[in-house]
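Reviewing the structure listed below.
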Amino acid sequence: MIVMLAMAFGLTNAAWAASSQMKAKDDLQGHWAESDLRKWVSEDLLQGYSNQYFPDQPITRAELITLINRSNKLTEGTDISYSDLDRRHWAYKQIAIAVKSGYVKGYADGTIRPGNPITREEAAGMIASYLGLSSKDLKGLTSFKDSSALSSWSKSAVAALAEAGIASGSAAGNFLPKNPLSRAEAVTLLEKARSYHQPATEYTKAGVYGPETGTETIRGDVVVSAAGVTLRNLVIEGDLTLTAGVGEGDATFKKVTVKGTTTVRGGGANSVHFEDSVLVRISIDKTDGTVRVVVVGATSVQHVVVHTPVKLEESSVTDSGFKSVELADNLPTGSNVQLTGQFEHVKVLSSDIRISLPSGSVEQLDVGSGASNNQIEVGREATIVELVLNAVAKLLGQGTIDKATVNTGAEGSSFEKRPSKVDGNVSGSTGASGGSSNSGGSGGNNGGNNGGNNTCTLSPDDCRDASLKNLTVSDFTLNQLDASYANTGGTGFNPSTFAYSIITPREMAEPVNVTISVTKATYSSASYSVSGPGATYLAFGTLTNDVPTFQVTVHPLKDVYVNIHVASKDGIAAKSYQIEIQYPRTIQEGLSIGTSSYRIPLPQQQPGDEIVWSDRIRSFTLQKGSVNGQRLRETDTIKLFEPGASEPFLTCTYYSCGIPEEKVANTVGTWDVQIIKDGQIYAEGQYQYDISNVNVVADNGAIEAVPYTTQELIEEFVKNPGMTSQFSHGYQLYVNKDKLLAVFPNARYLNTSPIYMFGQESVLPEGLTKEDYKLGTMPSHYGGTYVYPAFSSHPDNRQKVWGSLWSVSDDPNADKQVKDMFIFAGVYDENFQLLGQIITTVTFDEVHAAAGYIPERNWQPILP
């Protein structure tokens, strides 16, 4: 994924690429707010339609209210009445929540105007009200040249957000209060707002705090740093921390809701009590000794992470109590963890510890693959419903284990009392005597999707239908494509085909408006989006039975990408149909020559000699793109001839093929080309290659590659639930706008490529070639070289514009070395003409790589 930045309320967040193996094909790719938007999508805060999120569409008042509620987990509503809001309106409940929370009141005429696009100053008013921010002296308005355009009622809110660092002006120094707020601007603003921390409220003396009745809300964090503190009837919007100042004393929380993380660093054997309270996450991290944490009554705790010894107890619990517990991998060797109560899930990641279950039950206890030599004592009154062992463990006690699954890595585990059932691929290697054993699977899944949020009373077929019944484009023929965007030979609409192409004539001299007509399933919903070169967002809209058409403007020798998304009535099924409107590329436009640069170890004189590496070696490959309107397939043959020769010097039947070294002895040359498709000559012509190096400009700090820290790699993995493997290393790319424009005054776009170092490297290599930076060999959604904006209009001079992450290999024998890299950055002007390139480096050390990976430290520059 490649992304860009822009100004939204002065809040610009860098976007990055999650993995070189992940390619986005949606309307967030390349958007200036991609990082924040994808973060919100991954957290289920922003919802779209099959990778279509319409980031540049103005957001309505009701939609912004929904995002505020969702991002702050607001759920409690109240009775409301507005003349323009029916109880059946989709946003009725969300507006009721906003009114209850106090940040929305409505207009003087008794309306709420849910469908109106919200202006920037209105959004500021809502957000400042929710955060409880205001400004008396309005100093924050000095940042904006157009502050006089602000309505009187919004000045305090805008000033407060500016003073808090949540909002700032445009590059021109304006706030633009009357402009509508886009969906992307809303997300970036709210992401900044939810990252804002008010000064913490600290309780340093014993006593009872909080109202006797009712509820008080504390917007920021709360710190308890003394024993004997009782908090009651509070909603803490931020984090709660019990510091070491609590010592071995007690702390009590009655009817307290904590929306952030509760961290326990103090407390003793008599305990930290939570009574009738709601907590999202508890982190146990006391430096010395064991702390006892007790939950009582209607208390629920979603997740507990244990870093130090602890006793977790449930007492007369009427809610869920402790739901999920994770024993972290940094739990000290020899630690004791005691669990008493009814636990849904316990995950063990630590090694050489003792876990005791005196009474109660655990629905599922998982011992991770790296969590070895643990002792788990199951008391006579305790039950483990399902035990999964991925590492060696010793099970003691006379408690009940209904089922144990013993997987590879857990060979040698033992049970004092046999489980009722033992299975797994190494179940025979345990010390469990007898019992039922089943080495097979359990027979399929549990039914998959449990359904959407919509109620549908139609027939099952009608409820689940998310198909198009017909699709036409005026004056053009639809060509059917397969999953790799290659032509199948079929034309026209086919319900089972989801990708199409349209070929525009090269001789087209003027833009043409085409009408796209859609016939969808009767009860489904449909929308469309249109993007142009460089993933430029052009249009979007909704399709209905009454309005089933939309228009697209096609320009000469430019591609247009259309995506039509259809969702079923019940909200479960969804399908996307793609149309790539493209111009037919010539052989010269559709092929390219790629460069590889590497070093090899030279033969050793004696075994054990230090490895000596060769100079950098360059090789070249022919790379297929799209010719005459069709993407070239792996099975299509390309023959290269010396001019006038009858026999080819290269016959290529793959997506790319190596070119003999002697054929590229000259940096510029011409070859005759023949392309054969399905046994027939498909295209013939000449290809003029140019593998001369692009001008390299000395690195003046315009481009900076910064490696992710070990902790950041973990955080990025957590933020990407679709990833199945953690990240081993990665980097983020920053651009210094002023420095870049100093060397390339017309710079507008970048293309970046990383190349690994081998052995010790002390000088920068020669740059990439013109062929490496060639653009447009195929439509952008097919693949090929991609460019993205070099910077945004945001006033920040240093801007993050790109990033890459590499996944940990599943192969246990895979190389664990992390090589430093050269980063090549091609710079283009607004017409995508190449201006030159910059070369920089990114280096890794132990704190910038995943645990278990070894930085090679290749980059050893010669210092002056």
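Labels for the structure tokens follow display order: chains A, B, ..., residues from 1 in each chain, ligands from 1.
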Give me the residues near Ser619 of chain A as JSON, numbers by chain, where near means some atom within 7 Å (using only C-alpha atoms) and where sequence neighbours in that chain fewer than 6 positions away do not count. {"A": [595, 596, 597]}
Writer output for current selection, N, CA, C and O atoms, as a JSON list (two decimals), in the first residue's frame:
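Output contents, as saved in result23.json:
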```
[["chain", "number", "residue", "atom", "x", "y", "z"],
["A", 595, "THR", "N", 15.60, -3.61, -13.15],
["A", 595, "THR", "CA", 16.99, -3.78, -12.72],
["A", 595, "THR", "C", 17.05, -4.47, -11.38],
["A", 595, "THR", "O", 16.28, -4.15, -10.47],
["A", 596, "SER", "N", 17.96, -5.43, -11.25],
["A", 596, "SER", "CA", 18.26, -6.03, -9.95],
["A", 596, "SER", "C", 19.71, -5.72, -9.60],
["A", 596, "SER", "O", 20.59, -5.74, -10.48],
["A", 597, "SER", "N", 19.95, -5.42, -8.33],
["A", 597, "SER", "CA", 21.30, -5.07, -7.89],
["A", 597, "SER", "C", 21.63, -5.91, -6.66],
["A", 597, "SER", "O", 20.86, -5.92, -5.69]]
```
Hey, what's within 6 Å of segment 343-346 of chain A if we count only C-alpha atoms and toss same-chain stuff fewer than 4 positions away? As a compact mmCIF listing (two decimals) with N, CA, C and O atoms, in the first residue's frame, please?
```
# COMPACT_ATOMS: atom_id res chain seq x y z
N PHE A 322 -14.15 -11.34 35.37
CA PHE A 322 -12.98 -11.38 34.49
C PHE A 322 -13.33 -12.25 33.26
O PHE A 322 -13.67 -13.42 33.40
N LYS A 323 -13.21 -11.68 32.07
CA LYS A 323 -13.53 -12.45 30.86
C LYS A 323 -12.29 -13.10 30.27
O LYS A 323 -12.21 -14.30 30.07
N SER A 324 -11.29 -12.31 29.98
CA SER A 324 -10.10 -12.81 29.30
C SER A 324 -8.86 -12.40 30.09
O SER A 324 -8.74 -11.25 30.52
N VAL A 325 -7.94 -13.36 30.27
CA VAL A 325 -6.71 -13.11 31.01
C VAL A 325 -5.53 -13.56 30.17
O VAL A 325 -5.54 -14.68 29.61
N GLU A 326 -4.53 -12.73 30.08
CA GLU A 326 -3.30 -13.06 29.33
C GLU A 326 -2.11 -12.96 30.27
O GLU A 326 -1.89 -11.92 30.90
N VAL A 362 -12.34 -22.42 34.00
CA VAL A 362 -11.79 -21.70 32.84
C VAL A 362 -12.37 -22.38 31.61
O VAL A 362 -12.17 -23.58 31.41
N GLU A 363 -13.08 -21.64 30.78
CA GLU A 363 -13.67 -22.22 29.58
C GLU A 363 -12.59 -22.71 28.62
O GLU A 363 -12.68 -23.78 28.05
N GLN A 364 -11.55 -21.89 28.41
CA GLN A 364 -10.46 -22.30 27.53
C GLN A 364 -9.15 -21.74 28.07
O GLN A 364 -9.03 -20.55 28.33
N LEU A 365 -8.19 -22.64 28.24
CA LEU A 365 -6.86 -22.24 28.69
C LEU A 365 -5.87 -22.65 27.61
O LEU A 365 -5.71 -23.84 27.31
```
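Distances from A:Gln732, A:Ser780, A:Asn336, A:Ser467 to Ile581 of chain A were compared using only C-alpha atoms, and the smallest one belongs to A:Ser780.
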List as a ChimeraX atom specification the protein and nucleic acid residues near segment 666-672 of chain A, meaning an atom at most 6 Å away when only C-alpha atoms are counted, but skip any in the same chain fewer than 2 places from it.
/A:640-643,664,685-692
Practice task
Find the spatial neighbours of Tyr731 of chain A, counting only C-alpha atoms, within a cut-off of 6 Å - ignore same-chain residues fewer than 6 positions away - and output them as a list in words.
Solution key: Val706, Pro707, Tyr708, Gly803 and Ser804 of chain A
For Val562 of chain A, work out the shell of residues within 6 Å, counting only C-alpha atoms and skipping chain neighbours fewer than 3 positions away, then give it as a PyMOL selection string.
-> chain A and resi 529-530+578-579
Atoms to include: N, CA and C atoms. Write the selected residues as a compact mmCIF listing (two decimals), in the first residue's frame.
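Done, and the output landed in part.txt:
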```txt
# COMPACT_ATOMS: atom_id res chain seq x y z
N SER A 529 -17.93 4.31 -7.17
CA SER A 529 -16.87 5.29 -7.04
C SER A 529 -16.04 5.28 -8.31
N VAL A 530 -15.44 6.43 -8.63
CA VAL A 530 -14.66 6.59 -9.85
C VAL A 530 -13.33 7.23 -9.48
N GLN A 578 -15.87 -4.34 -11.05
CA GLN A 578 -14.86 -3.37 -11.44
C GLN A 578 -14.85 -3.18 -12.96
N ILE A 579 -14.70 -1.92 -13.37
CA ILE A 579 -14.54 -1.61 -14.78
C ILE A 579 -13.28 -0.77 -14.94
```
Write down as JSON, numbers by chain the residues of segment 460-495 of chain A whose backbone DSSP state falls under helix (DSSP H, G or I).
{"A": [460, 461, 462, 463, 464]}
Written selection (N, CA and C atoms) as a short mmCIF file (atom, residue, chain, number, x, y, z; two decimals), in the first residue's frame:
```
data_model
loop_
_atom_site.label_atom_id
_atom_site.label_comp_id
_atom_site.auth_asym_id
_atom_site.auth_seq_id
_atom_site.Cartn_x
_atom_site.Cartn_y
_atom_site.Cartn_z
N PRO A 460 -35.33 -16.08 1.71
CA PRO A 460 -33.87 -16.17 1.91
C PRO A 460 -33.08 -15.73 0.67
N ASP A 461 -33.55 -16.10 -0.52
CA ASP A 461 -32.83 -15.73 -1.74
C ASP A 461 -32.84 -14.22 -1.95
N ASP A 462 -33.99 -13.60 -1.72
CA ASP A 462 -34.07 -12.15 -1.89
C ASP A 462 -33.26 -11.42 -0.82
N CYS A 463 -33.27 -11.92 0.40
CA CYS A 463 -32.52 -11.27 1.49
C CYS A 463 -31.02 -11.29 1.22
N ARG A 464 -30.53 -12.36 0.64
CA ARG A 464 -29.09 -12.56 0.50
C ARG A 464 -28.55 -12.15 -0.87
#
```
Which one of A:Phe791, A:Val847, A:Tyr53, A:Tyr828 sits closest to Ser527 of chain A if you count only C-alpha atoms?
->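 Checking each of A:Phe791, A:Val847, A:Tyr53, A:Tyr828 against Ser527 of chain A, counting only C-alpha atoms, the winner is A:Tyr53.
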Residue nearest Val518 of chain A among A:Ile839, A:Val566, A:Ile617, A:Val223 (counting only C-alpha atoms) |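 Using only C-alpha atoms, Val518 of chain A sits closest to A:Val566.
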Just how far from atom CA of Glu191 of chain A is atom CA of Ala825 of chain A, in Å to one decimal?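 Between these atoms lies a distance of 29.8 Å.
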